[in-house]
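For reference, entry08.cif (mmCIF, C-alpha atoms):
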```cif
data_target
#
loop_
_atom_site.label_atom_id
_atom_site.label_comp_id
_atom_site.auth_asym_id
_atom_site.auth_seq_id
_atom_site.Cartn_x
_atom_site.Cartn_y
_atom_site.Cartn_z
CA MET A 1 -8.47 -16.13 -16.80
CA LEU A 2 -11.61 -14.27 -15.75
CA VAL A 3 -13.85 -11.89 -17.66
CA PRO A 4 -16.09 -9.07 -16.41
CA GLY A 5 -19.40 -10.45 -15.22
CA ASN A 6 -17.85 -13.55 -13.63
CA LYS A 7 -18.89 -14.49 -10.12
CA ILE A 8 -16.14 -15.22 -7.60
CA GLY A 9 -16.44 -16.83 -4.18
CA ILE A 10 -15.13 -15.18 -1.00
CA VAL A 11 -14.46 -17.61 1.86
CA CYS A 12 -12.91 -17.69 5.32
CA CYS A 13 -11.50 -21.17 5.97
CA SER A 14 -9.19 -20.24 8.87
CA ASN A 15 -9.98 -17.97 11.82
CA GLY A 16 -13.21 -16.01 11.56
CA LEU A 17 -12.84 -12.31 10.92
CA SER A 18 -13.64 -9.70 13.53
CA PRO A 19 -16.76 -7.63 12.82
CA LYS A 20 -14.34 -4.70 12.52
CA ALA A 21 -13.14 -6.23 9.24
CA GLU A 22 -16.51 -5.49 7.63
CA THR A 23 -15.23 -2.11 6.44
CA ILE A 24 -12.25 -3.75 4.69
CA LEU A 25 -14.44 -6.39 3.06
CA LYS A 26 -16.85 -3.73 1.84
CA GLU A 27 -13.93 -1.87 0.30
CA LEU A 28 -12.75 -5.10 -1.30
CA GLU A 29 -16.24 -5.83 -2.59
CA ASN A 30 -16.46 -2.37 -4.16
CA TYR A 31 -13.04 -2.76 -5.78
CA LEU A 32 -13.91 -6.14 -7.28
CA ALA A 33 -17.29 -4.89 -8.46
CA GLY A 34 -15.48 -1.98 -10.08
CA LEU A 35 -13.55 -4.53 -12.12
CA GLY A 36 -16.83 -6.00 -13.32
CA LEU A 37 -16.68 -9.06 -11.06
CA VAL A 38 -19.51 -10.25 -8.84
CA PRO A 39 -18.21 -11.25 -5.37
CA VAL A 40 -20.34 -13.80 -3.54
CA PHE A 41 -19.61 -14.11 0.17
CA SER A 42 -19.64 -17.35 2.14
CA SER A 43 -21.96 -17.64 5.13
CA CYS A 44 -18.85 -18.41 7.23
CA ILE A 45 -16.90 -15.15 7.31
CA TYR A 46 -17.16 -13.49 10.73
CA GLU A 47 -16.50 -14.80 14.24
CA ARG A 48 -19.61 -16.22 15.82
CA ASN A 49 -18.30 -18.50 18.54
CA SER A 50 -14.88 -17.51 19.87
CA VAL A 51 -12.60 -17.35 16.79
CA TYR A 52 -14.77 -19.66 14.71
CA SER A 53 -16.86 -18.52 11.74
CA GLY A 54 -18.39 -21.99 11.73
CA SER A 55 -17.54 -25.58 12.50
CA PRO A 56 -14.89 -27.31 10.36
CA GLU A 57 -17.69 -29.07 8.48
CA GLU A 58 -19.57 -25.81 7.90
CA ARG A 59 -16.49 -23.99 6.68
CA ALA A 60 -15.59 -26.86 4.36
CA GLU A 61 -19.12 -26.95 3.00
CA SER A 62 -19.08 -23.20 2.37
CA LEU A 63 -15.98 -23.72 0.22
CA MET A 64 -17.40 -26.77 -1.56
CA LYS A 65 -20.57 -24.86 -2.47
CA PHE A 66 -18.43 -22.55 -4.55
CA TYR A 67 -16.59 -25.44 -6.18
CA ARG A 68 -19.90 -27.08 -7.08
CA ASP A 69 -21.49 -23.87 -8.40
CA PRO A 70 -20.69 -23.56 -12.13
CA GLU A 71 -21.25 -19.80 -12.00
CA ILE A 72 -18.36 -19.30 -9.54
CA LYS A 73 -15.13 -19.04 -11.53
CA ALA A 74 -12.52 -18.61 -8.74
CA VAL A 75 -12.38 -18.70 -4.94
CA PHE A 76 -10.54 -16.21 -2.72
CA ASP A 77 -9.91 -16.77 0.98
CA VAL A 78 -9.71 -13.62 3.13
CA SER A 79 -8.61 -15.25 6.39
CA GLY A 80 -5.49 -16.37 8.18
CA GLY A 81 -4.59 -17.66 11.62
CA ASP A 82 -4.56 -21.27 12.75
CA LEU A 83 -7.74 -23.17 11.90
CA ALA A 84 -7.62 -23.91 8.17
CA ASN A 85 -6.31 -27.47 8.46
CA GLU A 86 -9.51 -28.40 10.35
CA ILE A 87 -11.43 -28.41 7.07
CA LEU A 88 -9.14 -30.74 5.12
CA PRO A 89 -10.93 -34.04 5.93
CA TYR A 90 -14.27 -32.58 4.87
CA LEU A 91 -13.35 -31.38 1.38
CA ASP A 92 -14.42 -33.31 -1.71
CA TYR A 93 -11.17 -33.61 -3.62
CA ARG A 94 -12.81 -35.29 -6.60
CA VAL A 95 -14.92 -32.20 -7.16
CA ILE A 96 -11.95 -29.90 -6.58
CA GLY A 97 -9.79 -31.99 -8.92
CA ARG A 98 -12.32 -31.78 -11.74
CA SER A 99 -12.74 -28.06 -11.25
CA GLY A 100 -10.84 -25.53 -13.29
CA LYS A 101 -11.19 -22.99 -10.47
CA LYS A 102 -8.18 -21.50 -8.72
CA PHE A 103 -8.13 -21.21 -4.94
CA TRP A 104 -6.38 -18.07 -3.63
CA GLY A 105 -5.20 -17.66 -0.03
CA TYR A 106 -2.08 -17.21 2.07
CA SER A 107 -0.50 -17.79 5.47
CA ASP A 108 -2.56 -20.49 7.24
CA LEU A 109 -4.18 -21.32 3.90
CA THR A 110 -0.83 -22.89 3.03
CA THR A 111 -2.43 -26.01 4.51
CA VAL A 112 -5.36 -25.96 2.08
CA ILE A 113 -3.24 -24.98 -0.93
CA ASN A 114 -0.72 -27.79 -0.40
CA GLY A 115 -3.47 -30.20 0.61
CA ILE A 116 -5.25 -29.55 -2.69
CA TYR A 117 -2.02 -30.15 -4.59
CA ALA A 118 -1.24 -33.34 -2.65
CA LYS A 119 -4.71 -34.78 -3.22
CA THR A 120 -5.45 -33.54 -6.76
CA GLY A 121 -2.28 -32.25 -8.40
CA LYS A 122 -4.09 -28.96 -9.00
CA SER A 123 -2.39 -25.61 -8.46
CA SER A 124 -3.51 -22.73 -6.25
CA VAL A 125 -2.35 -19.17 -5.64
CA LEU A 126 -0.53 -18.07 -2.49
CA TYR A 127 -1.88 -14.53 -2.13
CA GLN A 128 -4.11 -12.47 0.16
CA ILE A 129 -6.61 -10.46 -1.87
CA LYS A 130 -7.44 -8.21 1.11
CA HIS A 131 -4.02 -6.60 0.76
CA LEU A 132 -5.27 -4.78 -2.32
CA THR A 133 -7.34 -2.54 -0.02
CA ALA A 134 -4.30 -1.45 2.01
CA PRO A 135 -2.22 1.62 1.04
CA ALA A 136 0.87 -0.58 0.55
CA GLY A 137 -1.14 -2.98 -1.60
CA GLU A 138 -2.28 -0.35 -4.09
CA ILE A 139 0.94 -0.89 -6.02
CA ARG A 140 -0.15 -4.44 -6.88
CA LYS A 141 -3.56 -3.61 -8.34
CA PRO A 142 -2.29 -3.29 -11.95
CA ASP A 143 -0.45 -6.63 -11.68
CA PHE A 144 -3.50 -8.29 -10.11
CA GLU A 145 -5.82 -7.02 -12.83
CA LYS A 146 -3.48 -8.06 -15.66
CA THR A 147 -3.08 -11.53 -14.17
CA LEU A 148 -6.82 -11.97 -13.62
CA PHE A 149 -8.04 -10.75 -16.99
CA SER A 150 -5.24 -11.49 -19.47
CA GLU A 151 -2.42 -13.87 -20.27
CA ASP A 152 0.00 -11.46 -18.57
CA GLN A 153 1.20 -13.16 -15.36
CA ALA A 154 2.60 -9.97 -13.83
CA LEU A 155 1.55 -10.85 -10.28
CA PHE A 156 3.81 -13.91 -10.38
CA HIS A 157 6.90 -12.20 -11.81
CA ILE A 158 9.31 -11.70 -8.90
CA SER A 159 12.75 -10.23 -8.43
CA TYR A 160 15.25 -12.50 -6.69
CA HIS A 161 18.90 -13.26 -6.15
CA PHE A 162 20.74 -16.53 -5.60
CA LEU A 163 22.38 -17.41 -2.30
CA GLN A 164 23.90 -20.51 -3.86
CA GLY A 165 23.56 -22.15 -7.23
CA LYS A 166 22.42 -20.45 -10.43
CA ARG A 167 19.13 -22.11 -11.36
CA LEU A 168 15.91 -23.17 -9.64
CA GLU A 169 13.52 -25.34 -11.60
CA GLY A 170 10.63 -27.59 -10.63
CA ILE A 171 7.07 -27.65 -9.34
CA LEU A 172 6.70 -25.02 -6.61
CA ILE A 173 5.22 -26.15 -3.29
CA GLY A 174 5.18 -24.77 0.26
CA GLY A 175 4.38 -21.34 1.64
CA ASN A 176 4.26 -20.38 5.29
CA ILE A 177 6.79 -22.61 7.06
CA ARG A 178 4.85 -23.02 10.31
CA CYS A 179 1.60 -23.85 8.56
CA LEU A 180 3.17 -26.19 6.02
CA LEU A 181 4.55 -28.31 8.86
CA LYS A 182 1.03 -28.93 10.17
CA LEU A 183 0.67 -31.29 7.21
CA ALA A 184 3.70 -33.43 8.12
CA GLY A 185 2.71 -37.07 8.58
CA THR A 186 -0.73 -36.57 7.03
CA GLU A 187 -2.16 -37.51 3.64
CA TYR A 188 -2.09 -33.81 2.78
CA TRP A 189 1.71 -33.54 2.88
CA PRO A 190 2.93 -32.96 -0.70
CA ASP A 191 5.52 -35.17 -2.31
CA MET A 192 8.78 -33.23 -2.00
CA LYS A 193 10.84 -35.18 -4.53
CA GLY A 194 12.28 -32.87 -7.16
CA LYS A 195 10.18 -29.91 -6.04
CA VAL A 196 11.17 -26.30 -5.41
CA LEU A 197 10.21 -25.49 -1.82
CA LEU A 198 8.99 -21.99 -0.99
CA LEU A 199 9.30 -20.89 2.64
CA GLU A 200 8.21 -17.64 4.27
CA ALA A 201 6.84 -16.51 7.64
CA LEU A 202 5.22 -13.66 9.51
CA GLY A 203 6.11 -14.38 13.13
CA GLY A 204 8.94 -16.38 14.58
CA ASP A 205 12.31 -15.67 16.16
CA VAL A 206 15.54 -17.64 15.76
CA PRO A 207 14.59 -20.58 18.02
CA LYS A 208 11.27 -21.05 16.23
CA MET A 209 12.86 -20.93 12.79
CA ALA A 210 15.59 -23.34 13.88
CA THR A 211 12.92 -25.72 15.14
CA TYR A 212 10.97 -25.60 11.86
CA LEU A 213 14.10 -26.11 9.77
CA SER A 214 15.20 -28.97 12.01
CA GLN A 215 11.84 -30.67 11.52
CA LEU A 216 12.08 -30.26 7.74
CA ASN A 217 15.56 -31.75 7.92
CA GLN A 218 14.34 -34.70 9.99
CA LEU A 219 11.64 -35.26 7.38
CA HIS A 220 14.51 -35.47 4.83
CA VAL A 221 13.00 -32.61 2.85
CA PHE A 222 16.36 -31.01 2.03
CA ASP A 223 17.52 -34.34 0.55
CA GLN A 224 14.48 -34.53 -1.73
CA ILE A 225 13.86 -31.05 -3.11
CA SER A 226 15.57 -29.63 -6.19
CA GLY A 227 15.81 -26.11 -4.80
CA LEU A 228 14.71 -23.67 -2.14
CA LEU A 229 13.05 -20.26 -2.57
CA LEU A 230 13.03 -18.05 0.52
CA GLY A 231 10.43 -15.32 0.79
CA THR A 232 10.26 -12.77 3.57
CA PHE A 233 10.46 -13.64 7.28
CA THR A 234 8.79 -10.58 8.72
CA GLU A 235 9.66 -10.77 12.42
CA MET A 236 13.17 -12.05 11.79
CA GLU A 237 13.98 -9.32 9.30
CA LYS A 238 12.21 -6.46 11.08
CA ASN A 239 14.14 -7.09 14.28
CA GLY A 240 17.44 -8.01 12.67
CA TYR A 241 17.62 -11.30 14.51
CA ALA A 242 20.87 -13.23 14.16
CA PRO A 243 21.65 -15.63 12.73
CA SER A 244 19.47 -14.62 9.79
CA MET A 245 17.13 -17.06 8.12
CA GLU A 246 19.56 -17.34 5.23
CA LYS A 247 22.33 -18.42 7.57
CA LEU A 248 20.05 -20.81 9.45
CA VAL A 249 19.05 -22.49 6.20
CA MET A 250 22.69 -23.00 5.26
CA ARG A 251 23.10 -25.19 8.35
CA TYR A 252 20.70 -27.74 6.88
CA ALA A 253 20.93 -27.35 3.11
CA ASP A 254 23.76 -29.00 1.24
CA SER A 255 26.06 -26.62 -0.61
CA SER A 256 24.87 -28.15 -3.88
CA LEU A 257 21.22 -27.20 -3.29
CA PRO A 258 20.21 -24.09 -5.26
CA ILE A 259 18.77 -21.41 -2.98
CA ALA A 260 17.22 -18.10 -4.05
CA LYS A 261 15.83 -15.23 -2.01
CA THR A 262 12.99 -12.86 -2.90
CA ARG A 263 11.51 -9.96 -0.98
CA GLU A 264 8.33 -10.09 -3.05
CA ILE A 265 6.64 -13.17 -1.56
CA GLY A 266 5.46 -13.21 2.03
CA HIS A 267 3.19 -11.38 4.43
CA GLY A 268 3.96 -7.84 3.28
CA LYS A 269 0.88 -6.07 1.97
CA ASP A 270 2.87 -5.16 -1.14
CA ALA A 271 3.76 -8.83 -1.78
CA LYS A 272 3.31 -10.54 -5.10
CA ALA A 273 1.84 -14.03 -5.52
CA ALA A 274 3.17 -17.54 -6.02
CA LEU A 275 1.63 -20.36 -8.04
CA ILE A 276 1.81 -23.42 -5.81
CA GLY A 277 1.64 -26.63 -7.79
CA GLU A 278 3.00 -25.24 -11.06
CA LYS A 279 6.47 -25.23 -12.56
CA ILE A 280 8.82 -22.38 -11.72
CA CYS A 281 12.13 -21.63 -13.37
CA LEU A 282 14.52 -19.02 -11.97
CA CYS A 283 17.93 -18.53 -13.50
#
```

This structure in structure tokens:
Amino acid sequence: MLVPGNKIGIVCCSNGLSPKAETILKELENYLAGLGLVPVFSSCIYERNSVYSGSPEERAESLMKFYRDPEIKAVFDVSGGDLANEILPYLDYRVIGRSGKKFWGYSDLTTVINGIYAKTGKSSVLYQIKHLTAPAGEIRKPDFEKTLFSEDQALFHISYHFLQGKRLEGILIGGNIRCLLKLAGTEYWPDMKGKVLLLEALGGDVPKMATYLSQLNQLHVFDQISGLLLGTFTEMEKNGYAPSMEKLVMRYADSSLPIAKTREIGHGKDAKAALIGEKICLC
């Protein structure tokens, strides 16, 4: 929980932002300052060499500076794309593990969020703070503010329905399906046993989703998890691709595996957040 006057770190661990994003970040800075927070921006935010805001080492160090600074109380990533997993070998997980600071990010930051959980057991928040500056994201400002400054966890309260089963319970892991699979075979892959797996995606048609699900199946993930929570699959749902993600999942998940669906976690600018690395119970 934060209080007015707290400093928060703003980082960009994945693809560097275009200079055109400066207007959005200024709007975000003004909003956060209006809440009484003091945003401190990393030196690795904007593209400087192709899509890079810095080398993997530089981006990792910009994040670790915030973890080491006792005045910084939380860290928010404003990026997405493809490059976040480059920083994983350069993070100091002992420092992160001892820290009480939450890391917030989404999409490609699924790699960092699950990597932190795998290496430290610490939870992070799957959420893109930039969405609060978008017209569709305005609806989430009250929930964001309650969650940040009080015990009210409104930003994590989601509506859902069950596709099969009646109860989901366990530590929540996962996020963006494509980005999560970058961790397969590495030391940053979280232990799936008994976990509730969250999956969502921005891009991807039926063949891509089938490929990702097949890889998860070959990793024996569906045999290990206690349940599956499906968020939104933007391209699939926007274009009405068939078979749907729900039907594709049923090809791999046993009929005894509880599966729930929510439209409130994903890449939509009106999305809510998910606590990765903490217990969830849906029933």

Note to self: Quick check on the file I pasted: which residues fall under the PyMOL selection byres ((chain A and resi 14) around 6)? Write them as a list in words.
What the structure shows: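 Matching residues under the PyMOL selection byres ((chain A and resi 14) around 6) are Cys12, Cys13, Asn15, Ser79, Gly80, Gly81, Leu83 and Ala84 of chain A.
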
Checklist line | Counting all atoms listed in the file, the residue of A:Glu169, A:Glu187, A:Glu151, A:Glu278 that sits nearest Leu228 (chain A) | finding: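 Of the candidates, the smallest distance to Leu228 (chain A) is held by A:Glu169.
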
Margin query: Between A:Tyr106, A:Leu257, A:Gly277, A:Met209, which residue has the minimum interatomic distance to Ser123 (chain A), considering only C-alpha atoms?
Written below: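 For Ser123 (chain A), the nearest of the given residues is A:Gly277.
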
Checklist line | Separation of CA of Asp82 (chain A) from CA of Asp108 (chain A), in Å and rounded to one decimal | finding: 5.9 Å

Next item on the list: List, as a ChimeraX atom specification, every residue that the PyMOL selection byres ((chain A and resi 232) around 9) selects in the file provided.
Entry: /A:199-202,230-231,233-234,236-237,261-268

Checklist line | Residues near Ile259 (chain A), cut-off 6 Å, all atoms listed in the file, skip fewer than 6 positions along chain, as an NGL selection string | finding: :A and (162-164 or 227-229)

Note to self: Give me the residues near region 3-10 of chain A as a PyMOL selection string, where near means some atom within 12 Å (using only C-alpha atoms) and where sequence neighbours in that chain fewer than 4 positions away do not count.
What the structure shows: chain A and resi 25-26+28-29+32-45+59+62-79+101-105+128-130+145-151

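You will find CA of Val221 (chain A) at 12.6 Å from CA of Gly185 (chain A).
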
Could region 23-56 of chain A be completed with N, CA and C atoms and returned as a PDB file, in the frame of the given file?
```
ATOM      1  N   THR A  23     -15.574  -3.282   7.252  1.00  0.00           N
ATOM      2  CA  THR A  23     -15.230  -2.110   6.440  1.00  0.00           C
ATOM      3  C   THR A  23     -14.251  -2.494   5.330  1.00  0.00           C
ATOM      4  N   ILE A  24     -13.247  -3.313   5.675  1.00  0.00           N
ATOM      5  CA  ILE A  24     -12.250  -3.750   4.690  1.00  0.00           C
ATOM      6  C   ILE A  24     -12.906  -4.605   3.622  1.00  0.00           C
ATOM      7  N   LEU A  25     -13.796  -5.525   4.036  1.00  0.00           N
ATOM      8  CA  LEU A  25     -14.440  -6.390   3.060  1.00  0.00           C
ATOM      9  C   LEU A  25     -15.378  -5.606   2.150  1.00  0.00           C
ATOM     10  N   LYS A  26     -16.000  -4.571   2.683  1.00  0.00           N
ATOM     11  CA  LYS A  26     -16.850  -3.730   1.840  1.00  0.00           C
ATOM     12  C   LYS A  26     -16.006  -2.995   0.801  1.00  0.00           C
ATOM     13  N   GLU A  27     -14.849  -2.521   1.229  1.00  0.00           N
ATOM     14  CA  GLU A  27     -13.930  -1.870   0.300  1.00  0.00           C
ATOM     15  C   GLU A  27     -13.459  -2.846  -0.767  1.00  0.00           C
ATOM     16  N   LEU A  28     -13.165  -4.074  -0.351  1.00  0.00           N
ATOM     17  CA  LEU A  28     -12.750  -5.100  -1.300  1.00  0.00           C
ATOM     18  C   LEU A  28     -13.883  -5.418  -2.273  1.00  0.00           C
ATOM     19  N   GLU A  29     -15.085  -5.548  -1.747  1.00  0.00           N
ATOM     20  CA  GLU A  29     -16.240  -5.830  -2.590  1.00  0.00           C
ATOM     21  C   GLU A  29     -16.433  -4.732  -3.647  1.00  0.00           C
ATOM     22  N   ASN A  30     -16.300  -3.488  -3.226  1.00  0.00           N
ATOM     23  CA  ASN A  30     -16.460  -2.370  -4.160  1.00  0.00           C
ATOM     24  C   ASN A  30     -15.374  -2.375  -5.230  1.00  0.00           C
ATOM     25  N   TYR A  31     -14.141  -2.700  -4.820  1.00  0.00           N
ATOM     26  CA  TYR A  31     -13.040  -2.760  -5.780  1.00  0.00           C
ATOM     27  C   TYR A  31     -13.284  -3.840  -6.828  1.00  0.00           C
ATOM     28  N   LEU A  32     -13.673  -5.030  -6.362  1.00  0.00           N
ATOM     29  CA  LEU A  32     -13.910  -6.140  -7.280  1.00  0.00           C
ATOM     30  C   LEU A  32     -15.092  -5.859  -8.204  1.00  0.00           C
ATOM     31  N   ALA A  33     -16.135  -5.257  -7.635  1.00  0.00           N
ATOM     32  CA  ALA A  33     -17.290  -4.890  -8.460  1.00  0.00           C
ATOM     33  C   ALA A  33     -16.898  -3.856  -9.504  1.00  0.00           C
ATOM     34  N   GLY A  34     -15.973  -2.968  -9.131  1.00  0.00           N
ATOM     35  CA  GLY A  34     -15.480  -1.980 -10.080  1.00  0.00           C
ATOM     36  C   GLY A  34     -14.736  -2.591 -11.247  1.00  0.00           C
ATOM     37  N   LEU A  35     -14.217  -3.805 -11.052  1.00  0.00           N
ATOM     38  CA  LEU A  35     -13.550  -4.530 -12.120  1.00  0.00           C
ATOM     39  C   LEU A  35     -14.542  -5.308 -12.986  1.00  0.00           C
ATOM     40  N   GLY A  36     -15.807  -5.270 -12.575  1.00  0.00           N
ATOM     41  CA  GLY A  36     -16.830  -6.000 -13.320  1.00  0.00           C
ATOM     42  C   GLY A  36     -17.105  -7.384 -12.785  1.00  0.00           C
ATOM     43  N   LEU A  37     -16.454  -7.747 -11.664  1.00  0.00           N
ATOM     44  CA  LEU A  37     -16.680  -9.060 -11.060  1.00  0.00           C
ATOM     45  C   LEU A  37     -17.851  -9.006 -10.083  1.00  0.00           C
ATOM     46  N   VAL A  38     -18.389 -10.170  -9.774  1.00  0.00           N
ATOM     47  CA  VAL A  38     -19.510 -10.250  -8.840  1.00  0.00           C
ATOM     48  C   VAL A  38     -19.085 -11.102  -7.644  1.00  0.00           C
ATOM     49  N   PRO A  39     -18.633 -10.466  -6.543  1.00  0.00           N
ATOM     50  CA  PRO A  39     -18.210 -11.250  -5.370  1.00  0.00           C
ATOM     51  C   PRO A  39     -19.413 -11.834  -4.631  1.00  0.00           C
ATOM     52  N   VAL A  40     -19.302 -13.117  -4.307  1.00  0.00           N
ATOM     53  CA  VAL A  40     -20.340 -13.800  -3.540  1.00  0.00           C
ATOM     54  C   VAL A  40     -19.700 -14.280  -2.251  1.00  0.00           C
ATOM     55  N   PHE A  41     -20.232 -13.844  -1.119  1.00  0.00           N
ATOM     56  CA  PHE A  41     -19.610 -14.110   0.170  1.00  0.00           C
ATOM     57  C   PHE A  41     -20.174 -15.374   0.819  1.00  0.00           C
ATOM     58  N   SER A  42     -19.271 -16.174   1.372  1.00  0.00           N
ATOM     59  CA  SER A  42     -19.640 -17.350   2.140  1.00  0.00           C
ATOM     60  C   SER A  42     -20.454 -16.946   3.373  1.00  0.00           C
ATOM     61  N   SER A  43     -21.228 -17.882   3.882  1.00  0.00           N
ATOM     62  CA  SER A  43     -21.960 -17.640   5.130  1.00  0.00           C
ATOM     63  C   SER A  43     -21.043 -17.761   6.338  1.00  0.00           C
ATOM     64  N   CYS A  44     -19.824 -18.255   6.137  1.00  0.00           N
ATOM     65  CA  CYS A  44     -18.850 -18.410   7.230  1.00  0.00           C
ATOM     66  C   CYS A  44     -17.713 -17.407   7.006  1.00  0.00           C
ATOM     67  N   ILE A  45     -17.903 -16.195   7.467  1.00  0.00           N
ATOM     68  CA  ILE A  45     -16.900 -15.150   7.310  1.00  0.00           C
ATOM     69  C   ILE A  45     -16.479 -14.590   8.674  1.00  0.00           C
ATOM     70  N   TYR A  46     -17.451 -14.193   9.481  1.00  0.00           N
ATOM     71  CA  TYR A  46     -17.160 -13.490  10.730  1.00  0.00           C
ATOM     72  C   TYR A  46     -17.230 -14.426  11.945  1.00  0.00           C
ATOM     73  N   GLU A  47     -16.478 -14.057  12.977  1.00  0.00           N
ATOM     74  CA  GLU A  47     -16.500 -14.800  14.240  1.00  0.00           C
ATOM     75  C   GLU A  47     -17.934 -14.887  14.759  1.00  0.00           C
ATOM     76  N   ARG A  48     -18.319 -16.106  15.156  1.00  0.00           N
ATOM     77  CA  ARG A  48     -19.610 -16.220  15.820  1.00  0.00           C
ATOM     78  C   ARG A  48     -19.503 -16.939  17.158  1.00  0.00           C
ATOM     79  N   ASN A  49     -18.508 -17.785  17.292  1.00  0.00           N
ATOM     80  CA  ASN A  49     -18.300 -18.500  18.540  1.00  0.00           C
ATOM     81  C   ASN A  49     -16.791 -18.535  18.780  1.00  0.00           C
ATOM     82  N   SER A  50     -16.316 -17.673  19.681  1.00  0.00           N
ATOM     83  CA  SER A  50     -14.880 -17.510  19.870  1.00  0.00           C
ATOM     84  C   SER A  50     -14.277 -17.060  18.540  1.00  0.00           C
ATOM     85  N   VAL A  51     -13.248 -17.759  18.033  1.00  0.00           N
ATOM     86  CA  VAL A  51     -12.600 -17.350  16.790  1.00  0.00           C
ATOM     87  C   VAL A  51     -13.185 -18.066  15.570  1.00  0.00           C
ATOM     88  N   TYR A  52     -14.231 -18.841  15.780  1.00  0.00           N
ATOM     89  CA  TYR A  52     -14.770 -19.660  14.710  1.00  0.00           C
ATOM     90  C   TYR A  52     -15.862 -18.930  13.918  1.00  0.00           C
ATOM     91  N   SER A  53     -15.779 -19.025  12.592  1.00  0.00           N
ATOM     92  CA  SER A  53     -16.860 -18.520  11.740  1.00  0.00           C
ATOM     93  C   SER A  53     -17.851 -19.633  11.430  1.00  0.00           C
ATOM     94  N   GLY A  54     -17.560 -20.801  11.922  1.00  0.00           N
ATOM     95  CA  GLY A  54     -18.390 -21.990  11.730  1.00  0.00           C
ATOM     96  C   GLY A  54     -17.582 -23.203  12.111  1.00  0.00           C
ATOM     97  N   SER A  55     -18.242 -24.338  12.194  1.00  0.00           N
ATOM     98  CA  SER A  55     -17.540 -25.580  12.500  1.00  0.00           C
ATOM     99  C   SER A  55     -16.649 -25.944  11.315  1.00  0.00           C
ATOM    100  N   PRO A  56     -15.694 -26.871  11.505  1.00  0.00           N
ATOM    101  CA  PRO A  56     -14.890 -27.310  10.360  1.00  0.00           C
ATOM    102  C   PRO A  56     -15.751 -27.807   9.198  1.00  0.00           C
TER     103      PRO A  56
END
```
